[in-house]
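Listing of structure_35.txt, compact mmCIF, C-alpha atoms and all ligand atoms
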# COMPACT_ATOMS: atom_id res chain seq x y z
CA MET A 1 -2.23 -4.32 24.77
CA LYS A 2 -4.41 -6.80 22.83
CA VAL A 3 -4.44 -6.07 19.12
CA LEU A 4 -6.69 -7.39 16.34
CA VAL A 5 -5.54 -6.93 12.74
CA ILE A 6 -8.06 -7.27 9.90
CA GLY A 7 -6.77 -8.54 6.55
CA SER A 8 -4.85 -11.39 4.97
CA GLY A 9 -2.05 -10.03 2.79
CA ALA A 10 1.70 -9.55 3.08
CA ARG A 11 0.93 -6.05 4.36
CA GLU A 12 -0.97 -7.58 7.28
CA HIS A 13 1.84 -10.08 7.82
CA ALA A 14 4.31 -7.17 7.98
CA LEU A 15 2.03 -5.33 10.42
CA CYS A 16 1.62 -8.46 12.55
CA ARG A 17 5.36 -9.15 12.49
CA SER A 18 6.13 -5.65 13.77
CA LEU A 19 3.35 -5.82 16.36
CA SER A 20 4.60 -9.22 17.55
CA LEU A 21 8.02 -7.65 18.19
CA ASP A 22 6.48 -4.82 20.25
CA PRO A 23 6.82 -5.58 23.98
CA ALA A 24 3.60 -3.63 24.67
CA VAL A 25 1.57 -6.18 22.68
CA THR A 26 0.41 -8.96 25.00
CA ALA A 27 -1.92 -10.73 22.56
CA LEU A 28 -2.04 -10.55 18.78
CA HIS A 29 -5.00 -11.68 16.70
CA CYS A 30 -5.65 -11.54 12.97
CA ALA A 31 -8.74 -12.20 10.86
CA PRO A 32 -8.80 -13.88 8.46
CA GLY A 33 -4.97 -13.99 8.14
CA ASN A 34 -2.89 -16.55 6.22
CA ALA A 35 -0.44 -19.39 6.84
CA GLY A 36 2.45 -17.06 7.65
CA ILE A 37 0.50 -14.74 9.94
CA ALA A 38 -0.59 -17.83 11.88
CA GLU A 39 2.99 -18.12 13.13
CA VAL A 40 2.83 -14.76 14.94
CA ALA A 41 -0.88 -14.22 15.61
CA GLU A 42 -3.94 -16.24 16.51
CA LEU A 43 -6.22 -16.46 13.46
CA HIS A 44 -9.99 -16.04 13.43
CA GLN A 45 -12.56 -16.37 10.70
CA VAL A 46 -14.63 -13.26 10.10
CA ASP A 47 -16.29 -11.49 7.20
CA ALA A 48 -13.90 -8.53 7.04
CA LEU A 49 -16.54 -6.40 5.29
CA ASP A 50 -19.10 -6.87 8.07
CA GLY A 51 -18.67 -4.13 10.68
CA ALA A 52 -20.91 -5.87 13.23
CA ALA A 53 -18.99 -9.14 12.85
CA VAL A 54 -15.59 -7.45 13.23
CA THR A 55 -16.85 -5.51 16.25
CA GLY A 56 -18.22 -8.71 17.77
CA LEU A 57 -14.87 -10.42 17.35
CA ALA A 58 -12.99 -7.43 18.81
CA ARG A 59 -15.33 -7.46 21.82
CA ALA A 60 -14.97 -11.21 22.34
CA LEU A 61 -11.18 -10.84 22.29
CA ALA A 62 -11.28 -7.74 24.53
CA ALA A 63 -9.13 -6.01 21.91
CA ASP A 64 -7.60 -2.68 22.94
CA LEU A 65 -6.89 -1.76 19.34
CA VAL A 66 -8.24 -2.88 15.97
CA VAL A 67 -6.09 -2.24 12.88
CA VAL A 68 -7.95 -2.44 9.57
CA GLY A 69 -5.52 -3.29 6.75
CA PRO A 70 -7.31 -3.28 3.38
CA GLU A 71 -9.41 -0.61 1.71
CA ALA A 72 -12.61 -2.59 1.14
CA PRO A 73 -13.58 -2.86 4.84
CA LEU A 74 -12.68 0.81 5.38
CA VAL A 75 -14.88 1.93 2.49
CA ALA A 76 -17.60 -0.37 3.88
CA GLY A 77 -17.49 1.48 7.23
CA VAL A 78 -15.90 -1.23 9.38
CA ALA A 79 -13.77 1.32 11.30
CA ASP A 80 -16.93 3.33 12.11
CA ALA A 81 -18.61 0.26 13.57
CA VAL A 82 -15.61 -0.61 15.73
CA ARG A 83 -15.25 2.96 17.00
CA GLU A 84 -18.97 3.24 17.72
CA ALA A 85 -18.55 0.26 20.03
CA GLY A 86 -15.95 2.26 21.97
CA ILE A 87 -12.94 0.27 20.74
CA PRO A 88 -9.94 2.27 19.46
CA CYS A 89 -9.52 1.62 15.74
CA PHE A 90 -6.66 2.44 13.38
CA GLY A 91 -8.28 3.25 10.05
CA PRO A 92 -10.42 6.03 8.61
CA SER A 93 -14.20 6.31 8.66
CA ARG A 94 -16.27 5.38 5.62
CA GLU A 95 -16.60 9.05 4.73
CA ALA A 96 -12.86 9.79 4.99
CA ALA A 97 -11.94 6.57 3.15
CA ARG A 98 -13.70 8.03 0.10
CA LEU A 99 -10.33 9.67 -0.47
CA GLU A 100 -9.39 6.26 -1.88
CA GLY A 101 -12.87 5.00 -2.74
CA SER A 102 -13.71 7.82 -5.17
CA LYS A 103 -11.17 9.42 -7.50
CA ALA A 104 -13.54 12.34 -8.07
CA PHE A 105 -13.90 12.96 -4.32
CA ALA A 106 -10.10 12.88 -3.94
CA LYS A 107 -9.77 15.47 -6.71
CA ASP A 108 -12.35 17.68 -5.01
CA VAL A 109 -10.52 17.47 -1.66
CA MET A 110 -7.21 18.28 -3.36
CA ALA A 111 -8.76 21.28 -5.09
CA GLY A 112 -10.14 22.52 -1.77
CA ALA A 113 -6.80 21.97 -0.03
CA GLY A 114 -4.66 23.45 -2.81
CA VAL A 115 -2.76 20.17 -3.21
CA PRO A 116 -0.80 19.79 -6.48
CA THR A 117 -2.18 17.02 -8.71
CA ALA A 118 -2.83 16.30 -12.37
CA ARG A 119 -5.45 18.53 -13.99
CA SER A 120 -8.55 16.46 -14.59
CA TYR A 121 -12.16 16.27 -15.73
CA VAL A 122 -14.89 14.14 -14.23
CA CYS A 123 -16.98 12.79 -17.12
CA THR A 124 -20.27 10.93 -17.32
CA THR A 125 -21.29 11.27 -20.99
CA ASP A 126 -19.63 10.23 -24.27
CA GLU A 127 -19.36 13.89 -25.29
CA GLU A 128 -17.58 14.83 -22.06
CA ILE A 129 -15.22 11.87 -22.49
CA ASP A 130 -14.28 12.88 -26.03
CA GLU A 131 -13.74 16.50 -25.03
CA ALA A 132 -11.50 15.55 -22.12
CA LEU A 133 -9.42 13.12 -24.21
CA ASP A 134 -9.04 15.82 -26.84
CA ALA A 135 -8.09 18.46 -24.30
CA PHE A 136 -5.19 16.47 -22.82
CA GLY A 137 -4.00 14.45 -25.81
CA ALA A 138 -1.77 11.34 -25.56
CA PRO A 139 -0.71 9.61 -23.39
CA TYR A 140 -4.23 9.28 -22.03
CA VAL A 141 -4.94 8.63 -18.34
CA VAL A 142 -8.43 7.23 -17.67
CA LYS A 143 -9.55 6.30 -14.16
CA ASP A 144 -12.71 4.55 -13.06
CA ASP A 145 -14.20 6.72 -10.30
CA GLY A 146 -14.80 3.80 -7.91
CA LEU A 147 -12.65 1.17 -6.18
CA ALA A 148 -11.43 -1.27 -8.81
CA ALA A 149 -8.72 -3.25 -7.00
CA GLY A 150 -5.93 -1.79 -9.12
CA LYS A 151 -7.73 -2.46 -12.41
CA GLY A 152 -9.51 0.88 -12.80
CA VAL A 153 -6.67 2.91 -14.34
CA VAL A 154 -5.69 2.78 -17.99
CA VAL A 155 -2.68 4.75 -19.24
CA THR A 156 -2.38 4.43 -23.02
CA GLY A 157 -1.29 6.18 -26.18
CA ASP A 158 -4.22 4.64 -28.03
CA VAL A 159 -7.24 6.94 -28.07
CA GLU A 160 -9.64 4.10 -28.96
CA GLU A 161 -8.50 2.06 -25.94
CA ALA A 162 -8.79 5.15 -23.73
CA ARG A 163 -12.31 5.87 -25.03
CA ALA A 164 -13.45 2.26 -24.64
CA HIS A 165 -12.25 2.11 -21.02
CA ALA A 166 -13.81 5.49 -20.22
CA ARG A 167 -17.19 4.47 -21.67
CA ALA A 168 -17.14 1.21 -19.70
CA CYS A 169 -16.63 3.06 -16.41
CA GLY A 170 -19.82 5.09 -16.07
CA ARG A 171 -18.33 7.90 -14.03
CA VAL A 172 -14.73 8.46 -15.01
CA VAL A 173 -11.83 10.80 -14.25
CA ILE A 174 -9.71 11.76 -17.26
CA GLU A 175 -6.50 13.55 -16.41
CA GLU A 176 -3.24 14.94 -17.62
CA PHE A 177 -0.29 12.50 -17.89
CA LEU A 178 2.39 12.97 -15.22
CA ASP A 179 5.93 11.93 -16.06
CA GLY A 180 8.79 11.30 -13.67
CA PRO A 181 9.53 8.68 -11.04
CA GLU A 182 6.83 7.59 -8.59
CA VAL A 183 7.18 7.67 -4.82
CA SER A 184 4.89 6.29 -2.14
CA LEU A 185 4.88 8.28 1.07
CA PHE A 186 2.76 7.14 4.01
CA ALA A 187 1.75 9.18 7.03
CA VAL A 188 0.10 8.19 10.27
CA THR A 189 -2.49 10.73 11.35
CA ASP A 190 -5.13 11.19 14.03
CA GLY A 191 -7.04 13.72 11.95
CA GLU A 192 -4.95 16.65 13.10
CA THR A 193 -1.29 15.73 13.68
CA VAL A 194 0.44 14.13 10.70
CA VAL A 195 3.54 11.95 11.13
CA PRO A 196 5.17 10.97 7.84
CA LEU A 197 6.93 7.60 7.50
CA ARG A 198 9.87 6.98 5.15
CA PRO A 199 9.37 7.08 1.37
CA ALA A 200 9.39 3.90 -0.69
CA GLN A 201 9.02 2.97 -4.32
CA ASP A 202 7.03 0.05 -5.65
CA PHE A 203 7.09 -1.75 -8.99
CA LYS A 204 3.61 -2.02 -10.46
CA ARG A 205 4.28 -3.82 -13.73
CA ALA A 206 4.50 -7.61 -13.86
CA LEU A 207 7.75 -7.94 -15.80
CA ASP A 208 11.34 -6.72 -15.61
CA GLY A 209 12.01 -3.31 -17.10
CA ASP A 210 8.47 -2.15 -16.20
CA GLU A 211 6.97 -4.23 -19.00
CA GLY A 212 3.77 -6.24 -18.94
CA PRO A 213 0.43 -5.61 -17.26
CA ASN A 214 -0.21 -3.59 -14.10
CA THR A 215 -0.32 -5.60 -10.87
CA GLY A 216 -0.95 -4.90 -7.20
CA GLY A 217 2.84 -4.45 -6.88
CA MET A 218 5.76 -6.81 -7.55
CA GLY A 219 8.32 -5.41 -5.13
CA ALA A 220 9.49 -2.33 -3.27
CA TYR A 221 12.48 -0.70 -1.64
CA SER A 222 13.35 2.03 0.83
CA PRO A 223 15.16 4.42 1.22
CA LEU A 224 15.28 6.22 -2.13
CA PRO A 225 18.90 7.34 -2.49
CA TRP A 226 18.05 9.35 -5.61
CA ALA A 227 15.33 11.43 -3.94
CA ASP A 228 15.77 14.96 -2.62
CA PRO A 229 16.36 14.73 1.17
CA LYS A 230 13.78 17.51 1.57
CA LEU A 231 11.08 15.48 -0.17
CA VAL A 232 9.34 14.26 2.99
CA ASP A 233 9.15 17.75 4.52
CA GLU A 234 7.90 19.20 1.27
CA VAL A 235 5.18 16.56 0.86
CA LEU A 236 4.14 16.95 4.48
CA GLU A 237 3.73 20.68 3.98
CA THR A 238 2.17 20.74 0.51
CA VAL A 239 0.18 17.48 0.43
CA LEU A 240 -0.32 15.52 3.63
CA GLN A 241 -1.08 18.23 6.20
CA PRO A 242 -3.35 20.29 3.88
CA THR A 243 -5.31 17.16 2.94
CA VAL A 244 -5.82 16.14 6.57
CA ASP A 245 -6.78 19.74 7.44
CA GLU A 246 -9.26 19.91 4.56
CA LEU A 247 -10.99 16.67 5.60
CA ARG A 248 -11.27 17.90 9.18
CA ARG A 249 -12.66 21.21 7.94
CA ARG A 250 -15.32 19.28 6.01
CA GLY A 251 -16.39 17.50 9.17
CA THR A 252 -15.00 14.14 8.06
CA PRO A 253 -11.62 13.92 9.80
CA PHE A 254 -9.23 11.30 8.47
CA SER A 255 -7.46 9.15 11.05
CA GLY A 256 -5.33 6.17 10.18
CA LEU A 257 -2.83 5.80 7.37
CA LEU A 258 -2.79 8.34 4.58
CA TYR A 259 -0.93 7.05 1.53
CA ALA A 260 0.21 9.59 -1.04
CA GLY A 261 1.16 8.15 -4.43
CA LEU A 262 3.33 10.87 -5.96
CA ALA A 263 4.96 11.66 -9.28
CA ILE A 264 8.17 13.67 -9.11
CA THR A 265 7.69 15.65 -12.32
CA SER A 266 9.92 18.28 -13.88
CA ARG A 267 7.43 20.87 -12.58
CA GLY A 268 7.45 19.54 -9.02
CA VAL A 269 5.69 16.93 -6.90
CA ARG A 270 2.15 15.96 -7.98
CA VAL A 271 -0.30 13.57 -6.32
CA ILE A 272 -1.21 10.61 -8.53
CA GLU A 273 -3.57 9.09 -6.00
CA PHE A 274 -4.41 8.80 -2.34
CA ASN A 275 -5.04 5.56 -0.55
CA ALA A 276 -6.61 5.24 2.87
CA ARG A 277 -4.44 2.39 4.16
CA PHE A 278 -0.91 1.03 4.18
CA GLY A 279 0.34 0.21 0.68
CA ASP A 280 1.37 -3.27 -0.32
CA PRO A 281 4.29 -4.06 -0.91
CA GLU A 282 5.75 -0.74 0.33
CA THR A 283 4.67 -1.44 3.93
CA GLN A 284 6.96 -4.46 4.02
CA VAL A 285 10.05 -2.27 3.46
CA VAL A 286 8.92 0.76 5.47
CA LEU A 287 8.15 -1.29 8.58
CA ALA A 288 11.42 -3.22 8.17
CA ARG A 289 13.17 0.10 8.87
CA LEU A 290 10.96 1.38 11.72
CA LYS A 291 12.58 1.08 15.13
CA THR A 292 9.81 2.66 17.22
CA PRO A 293 7.45 -0.04 18.51
CA LEU A 294 4.44 0.02 16.19
CA ALA A 295 1.47 -0.53 18.50
CA GLY A 296 1.93 2.71 20.46
CA ALA A 297 2.06 4.78 17.28
CA LEU A 298 -1.09 3.18 15.85
CA LEU A 299 -2.91 3.52 19.16
CA ALA A 300 -1.94 7.21 19.41
CA ALA A 301 -3.45 7.77 15.96
CA ALA A 302 -6.60 5.92 16.97
CA ASN A 303 -6.89 7.86 20.24
CA GLY A 304 -6.12 11.32 18.86
CA THR A 305 -2.89 11.71 20.87
CA LEU A 306 -0.28 11.67 18.08
CA ALA A 307 0.95 15.16 19.07
CA ASP A 308 2.33 13.58 22.26
CA LEU A 309 4.16 10.75 20.49
CA PRO A 310 7.97 11.14 20.50
CA PRO A 311 9.49 11.34 16.98
CA LEU A 312 9.63 7.99 15.20
CA ARG A 313 13.03 6.31 15.17
CA TRP A 314 14.35 4.73 11.97
CA SER A 315 17.11 2.32 11.09
CA ASP A 316 19.73 3.47 8.56
CA ASP A 317 19.43 0.05 6.93
CA ALA A 318 17.95 -0.34 3.49
CA ALA A 319 15.11 -2.78 2.82
CA VAL A 320 14.00 -4.60 -0.33
CA THR A 321 11.00 -6.84 -0.86
CA VAL A 322 10.43 -9.13 -3.85
CA VAL A 323 6.95 -10.50 -4.54
CA VAL A 324 6.68 -14.12 -5.60
CA ALA A 325 3.46 -14.49 -7.59
CA SER A 326 1.47 -17.45 -8.87
CA HIS A 327 1.42 -18.78 -12.36
CA ASN A 328 -0.68 -16.48 -14.59
CA TYR A 329 -0.87 -13.53 -12.13
CA PRO A 330 -2.22 -10.83 -12.62
CA GLY A 331 -4.70 -12.86 -14.67
CA THR A 332 -6.69 -15.55 -12.84
CA PRO A 333 -3.91 -17.14 -10.79
CA ARG A 334 -3.33 -20.86 -10.39
CA THR A 335 -3.64 -21.80 -6.70
CA GLY A 336 -3.19 -24.90 -4.56
CA ASP A 337 0.50 -25.42 -5.44
CA PRO A 338 2.83 -26.37 -2.57
CA VAL A 339 5.28 -23.70 -1.40
CA GLU A 340 8.61 -25.24 -0.39
CA GLY A 341 11.88 -23.88 0.98
CA LEU A 342 10.37 -21.64 3.66
CA ASP A 343 12.25 -23.46 6.44
CA GLU A 344 15.53 -23.04 4.59
CA VAL A 345 15.03 -19.28 4.49
CA ALA A 346 14.23 -19.29 8.22
CA ASP A 347 17.32 -21.44 8.96
CA ARG A 348 19.84 -19.77 6.71
CA ASP A 349 18.77 -16.18 5.94
CA ALA A 350 17.14 -14.91 9.13
CA PRO A 351 17.16 -12.37 10.64
CA HIS A 352 18.23 -10.27 7.64
CA ALA A 353 15.83 -11.94 5.23
CA TYR A 354 12.40 -13.33 5.95
CA VAL A 355 9.27 -14.36 4.11
CA LEU A 356 6.01 -12.47 4.51
CA HIS A 357 2.99 -14.41 3.30
CA ALA A 358 0.24 -13.03 1.08
CA GLY A 359 -1.96 -15.65 -0.64
CA THR A 360 -1.08 -18.79 1.32
CA ARG A 361 -2.94 -21.31 3.42
CA ARG A 362 -1.98 -24.36 5.38
CA GLU A 363 -2.97 -27.80 4.11
CA GLY A 364 -1.92 -30.33 6.71
CA ASP A 365 1.82 -29.86 7.10
CA ALA A 366 2.16 -28.06 3.79
CA VAL A 367 1.81 -24.41 2.87
CA VAL A 368 0.02 -23.99 -0.48
CA SER A 369 -0.58 -21.00 -2.72
CA ALA A 370 -4.00 -19.40 -2.34
CA GLY A 371 -3.85 -16.20 -4.37
CA GLY A 372 -2.07 -14.14 -7.02
CA ARG A 373 0.65 -12.62 -4.91
CA VAL A 374 1.86 -15.52 -2.75
CA LEU A 375 4.92 -14.30 -0.83
CA SER A 376 6.76 -11.04 -0.24
CA VAL A 377 10.39 -11.94 0.44
CA THR A 378 11.89 -9.12 2.46
CA ALA A 379 15.48 -8.34 3.45
CA THR A 380 17.48 -5.59 5.08
CA GLY A 381 21.12 -4.63 4.58
CA SER A 382 23.53 -1.79 5.11
CA ASP A 383 22.64 -0.53 1.64
CA LEU A 384 20.22 -1.43 -1.14
CA ALA A 385 22.77 -3.66 -2.87
CA GLU A 386 23.15 -5.83 0.22
CA ALA A 387 19.41 -5.89 0.92
CA ARG A 388 18.77 -6.93 -2.70
CA GLU A 389 21.36 -9.67 -2.56
CA ARG A 390 19.83 -11.09 0.59
CA ALA A 391 16.28 -10.85 -0.72
CA TYR A 392 17.13 -12.63 -3.97
CA ALA A 393 19.20 -15.29 -2.15
CA ALA A 394 16.09 -16.08 -0.12
CA VAL A 395 13.83 -16.02 -3.21
CA ALA A 396 16.16 -18.59 -4.80
CA ARG A 397 15.49 -21.07 -1.98
CA ILE A 398 11.75 -20.98 -2.52
CA ARG A 399 10.10 -23.51 -4.77
CA LEU A 400 6.61 -22.84 -6.11
CA ASP A 401 5.67 -24.46 -9.37
CA GLY A 402 5.00 -21.93 -12.12
CA SER A 403 5.81 -18.96 -9.92
CA GLN A 404 7.14 -15.66 -11.23
CA HIS A 405 9.00 -12.72 -9.76
CA ARG A 406 10.80 -9.67 -11.07
CA THR A 407 14.59 -9.82 -11.02
CA ASP A 408 15.15 -6.06 -11.14
CA ILE A 409 13.58 -4.79 -7.91
CA ALA A 410 15.71 -1.86 -6.61
CA GLU A 411 18.35 -2.68 -9.18
CA LYS A 412 18.73 0.80 -10.64
CA ALA A 413 18.54 2.51 -7.25
CA ALA A 414 21.22 0.16 -5.86
CA ARG A 415 23.49 1.27 -8.71
CA GLY A 416 22.87 4.90 -7.81
CA LEU A 417 20.55 5.57 -10.77
P1 LIG B 1 -3.62 4.28 -9.44
O1 LIG B 1 -4.59 3.14 -9.47
O2 LIG B 1 -4.24 5.62 -9.32
O3 LIG B 1 -2.49 3.98 -8.50
O4 LIG B 1 -2.88 4.28 -10.86
C1 LIG B 1 -2.14 3.16 -11.25
C2 LIG B 1 -0.89 3.61 -11.96
O5 LIG B 1 -1.24 4.34 -13.13
C3 LIG B 1 -0.02 4.57 -11.16
O6 LIG B 1 0.84 3.94 -10.27
C4 LIG B 1 0.73 5.27 -12.26
O7 LIG B 1 1.82 4.47 -12.68
C5 LIG B 1 -0.27 5.34 -13.36
N1 LIG B 1 -0.90 6.67 -13.36
C6 LIG B 1 -1.99 7.07 -12.69
N2 LIG B 1 -2.27 8.36 -12.92
C7 LIG B 1 -1.32 8.80 -13.76
C8 LIG B 1 -1.05 10.07 -14.38
N3 LIG B 1 -1.85 11.13 -14.20
N4 LIG B 1 0.02 10.15 -15.19
C9 LIG B 1 0.82 9.09 -15.39
N5 LIG B 1 0.63 7.88 -14.87
C10 LIG B 1 -0.44 7.73 -14.05
N1 LIG B 2 1.41 -0.46 -3.75
C1 LIG B 2 0.19 -0.06 -4.29
C2 LIG B 2 -0.95 -0.09 -3.39
O1 LIG B 2 -0.88 -0.56 -2.27
O2 LIG B 2 -2.00 0.39 -3.80
Translate this file's structure into structure tokens.
Amino acid sequence: MKVLVIGSGAREHALCRSLSLDPAVTALHCAPGNAGIAEVAELHQVDALDGAAVTGLARALAADLVVVGPEAPLVAGVADAVREAGIPCFGPSREAARLEGSKAFAKDVMAGAGVPTARSYVCTTDEEIDEALDAFGAPYVVKDDGLAAGKGVVVTGDVEEARAHARACGRVVIEEFLDGPEVSLFAVTDGETVVPLRPAQDFKRALDGDEGPNTGGMGAYSPLPWADPKLVDEVLETVLQPTVDELRRRGTPFSGLLYAGLAITSRGVRVIEFNARFGDPETQVVLARLKTPLAGALLAAANGTLADLPPLRWSDDAAVTVVVASHNYPGTPRTGDPVEGLDEVADRDAPHAYVLHAGTRREGDAVVSAGGRVLSVTATGSDLAEARERAYAAVARIRLDGSQHRTDIAEKAARGL
């Protein structure tokens, strides 16, 4: 099977790594990719948002499967273009990807499907905004309706800050605050059958102890020893399957990866958000534990034959990933700094620890930083404590001037908290 992956983050590196280990994959391509992905896949330049260009590349490569990683091409309809050309594509249509692209649409689908989520108002005027803020009280949760690359959500106790963000959004969702730990649960679906993966938790804040600004994610781990063993079944039944059924009922079936961001509140599980693609950095730890070859599962979702897929097989190992970010991330990051120590990790820590690249590119013989999140250092172990130790040992070998990482990824969970 010839596979083309679209995207250039650590998520795509994790996908490409797993695909490269799948004996069914005879050729692996990625566009645009990064310096790490280049070691397992052939890279191509393409405008990932241009459906015709991606389709043209897939045709030229005779790809049997296209996997679209990030949300922006999905929302732009790239999966539709690929499918219209008769090429199997893992990733939802433009219409179904609105589940991530519009918070208001997601709320409407959840209401139709009876899926538990925060109560909310969609507001467009100053009066509506003030009424909604008043109705819920502090802490305020204010979400830009559209895609905002992780910057659209403000959670604050300060009503002036909440009001200012809401007014700057145009169309805005204001909702009730959900307390309790967050869980990310992914499912592969063909629009009808839903196959949940293993839950993971990510760390959204930049600094230890969940301080500092929100980021795209600074690390993740799986499994969640503190979670109820029935969680996955419960979420499948109350969230994932009803959502997929509702989208099919509306004539816009969702196939690809459905990502449920959940809060485990004192009153039960609530959906914080849906995404229409694999999450980053959770994918790095979820795929580290998947034993079933990946390509067949993704192809079954693309082809509508997931019901025939044997149950996924999982390793009992734990996995931890630690993101190494550039100086000044999540503000405008400094780029162009050399990344050193990658060979030492490969020599001394493999196969239990390995480096997945996010914002990197090759400059001659050197790998240099090219984005905010630069590396996602991933490790497995018999438990979270061992996986953490291995991940941080590998992080310690890496030299990137001005870089930052959290030191407390999976720390509480490893201690049984
Ligand atoms: P999102 O962009 O929807 O993932 O939101 C970013 C982060 O804001 C989430 O990971 C949560 O930590 C937080 N958040 C979003 N909605 C709520 C809510 N209703 N209550 C509490 N925190 C929330
Ligand atoms: N881990 C958060 C996201 O992928 O949106």
Problem set entry | Who sits within 12 Å of Lys230 of chain A, all atoms listed in the file, same chain under 5 positions skipped, as number ranges by chain | A: 198-199, 224, 235-237, 269
Problem set entry | Ala79 of chain A environment, 8 Å, all atoms listed in the file, sequence neighbours closer than 3 positions dropped, as a list in words | Gly51, Val68, Pro73, Leu74, Val82, Arg83, Cys89, Phe90, Gly91, Pro92, Ser93 and Arg94 of chain A
Problem set entry | Counting only C-alpha atoms and all ligand atoms, the option among A:Glu282, A:Asp80, A:Asp228, A:Asp108 closest to ligand LIG 2 (chain B) | A:Glu282
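Rounded to one decimal, atom O2 of ligand LIG 1 (chain B) and atom CA of Phe203 of chain A lie 13.5 Å from each other.
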Please return the centre and edge lengths, in Å to one decimal, of a box with edges along x, y and z that contains all listed atoms of segment 402-406 of chain A, widened by 6 Å on every side, as JSON.
{"center_x": 7.9, "center_y": -15.8, "center_z": -10.9, "size_x": 17.8, "size_y": 24.3, "size_z": 14.4}
For this session: Report as a PyMOL selection string which protein, DNA and RNA residues come within 10 Å of ligand LIG 2 (chain B), using all atoms listed in the file.
Result: chain A and resi 11+70-71+100+149-150+184+200-204+215-220+259-261+273-283
For this session: Point out the residue among A:Arg313, A:Gly209, A:Tyr221, A:Ser120 with the least atom-to-atom distance to Pro196 of chain A, counting only C-alpha atoms.
Result: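 Selected residue with least distance to Pro196 of chain A: A:Arg313.
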Exercise. Which residues form the shell of 6 Å around ligand LIG 1 (chain B) when you count all atoms listed in the file, given as a PyMOL selection string?
Worked result: chain A and resi 118+141+150+153+175-179+272-273
For this session: Provide the atom CA of Val46 of chain A to atom CA of Ile6 of chain A distance in Å, to one decimal place.
Result: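 The value is 8.9 Å.
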Exercise. What lies within 10 Å of Ala297 of chain A using all atoms listed in the file, ignoring chain neighbours under 5 positions off, as number ranges by chain?
Worked result: A: 90, 188-189, 195, 292, 302-303, 305-306, 309-312
Residues as selected, C-alpha atoms, written as a PDB file, in the frame of the given file, can you do that?
ATOM      1  CA  PHE A  90      -6.660   2.440  13.380  1.00  0.00           C
ATOM      2  CA  VAL A 188       0.100   8.190  10.270  1.00  0.00           C
ATOM      3  CA  THR A 189      -2.490  10.730  11.350  1.00  0.00           C
ATOM      4  CA  VAL A 195       3.540  11.950  11.130  1.00  0.00           C
ATOM      5  CA  THR A 292       9.810   2.660  17.220  1.00  0.00           C
ATOM      6  CA  ALA A 302      -6.600   5.920  16.970  1.00  0.00           C
ATOM      7  CA  ASN A 303      -6.890   7.860  20.240  1.00  0.00           C
ATOM      8  CA  THR A 305      -2.890  11.710  20.870  1.00  0.00           C
ATOM      9  CA  LEU A 306      -0.280  11.670  18.080  1.00  0.00           C
ATOM     10  CA  LEU A 309       4.160  10.750  20.490  1.00  0.00           C
ATOM     11  CA  PRO A 310       7.970  11.140  20.500  1.00  0.00           C
ATOM     12  CA  PRO A 311       9.490  11.340  16.980  1.00  0.00           C
ATOM     13  CA  LEU A 312       9.630   7.990  15.200  1.00  0.00           C
TER      14      LEU A 312
END
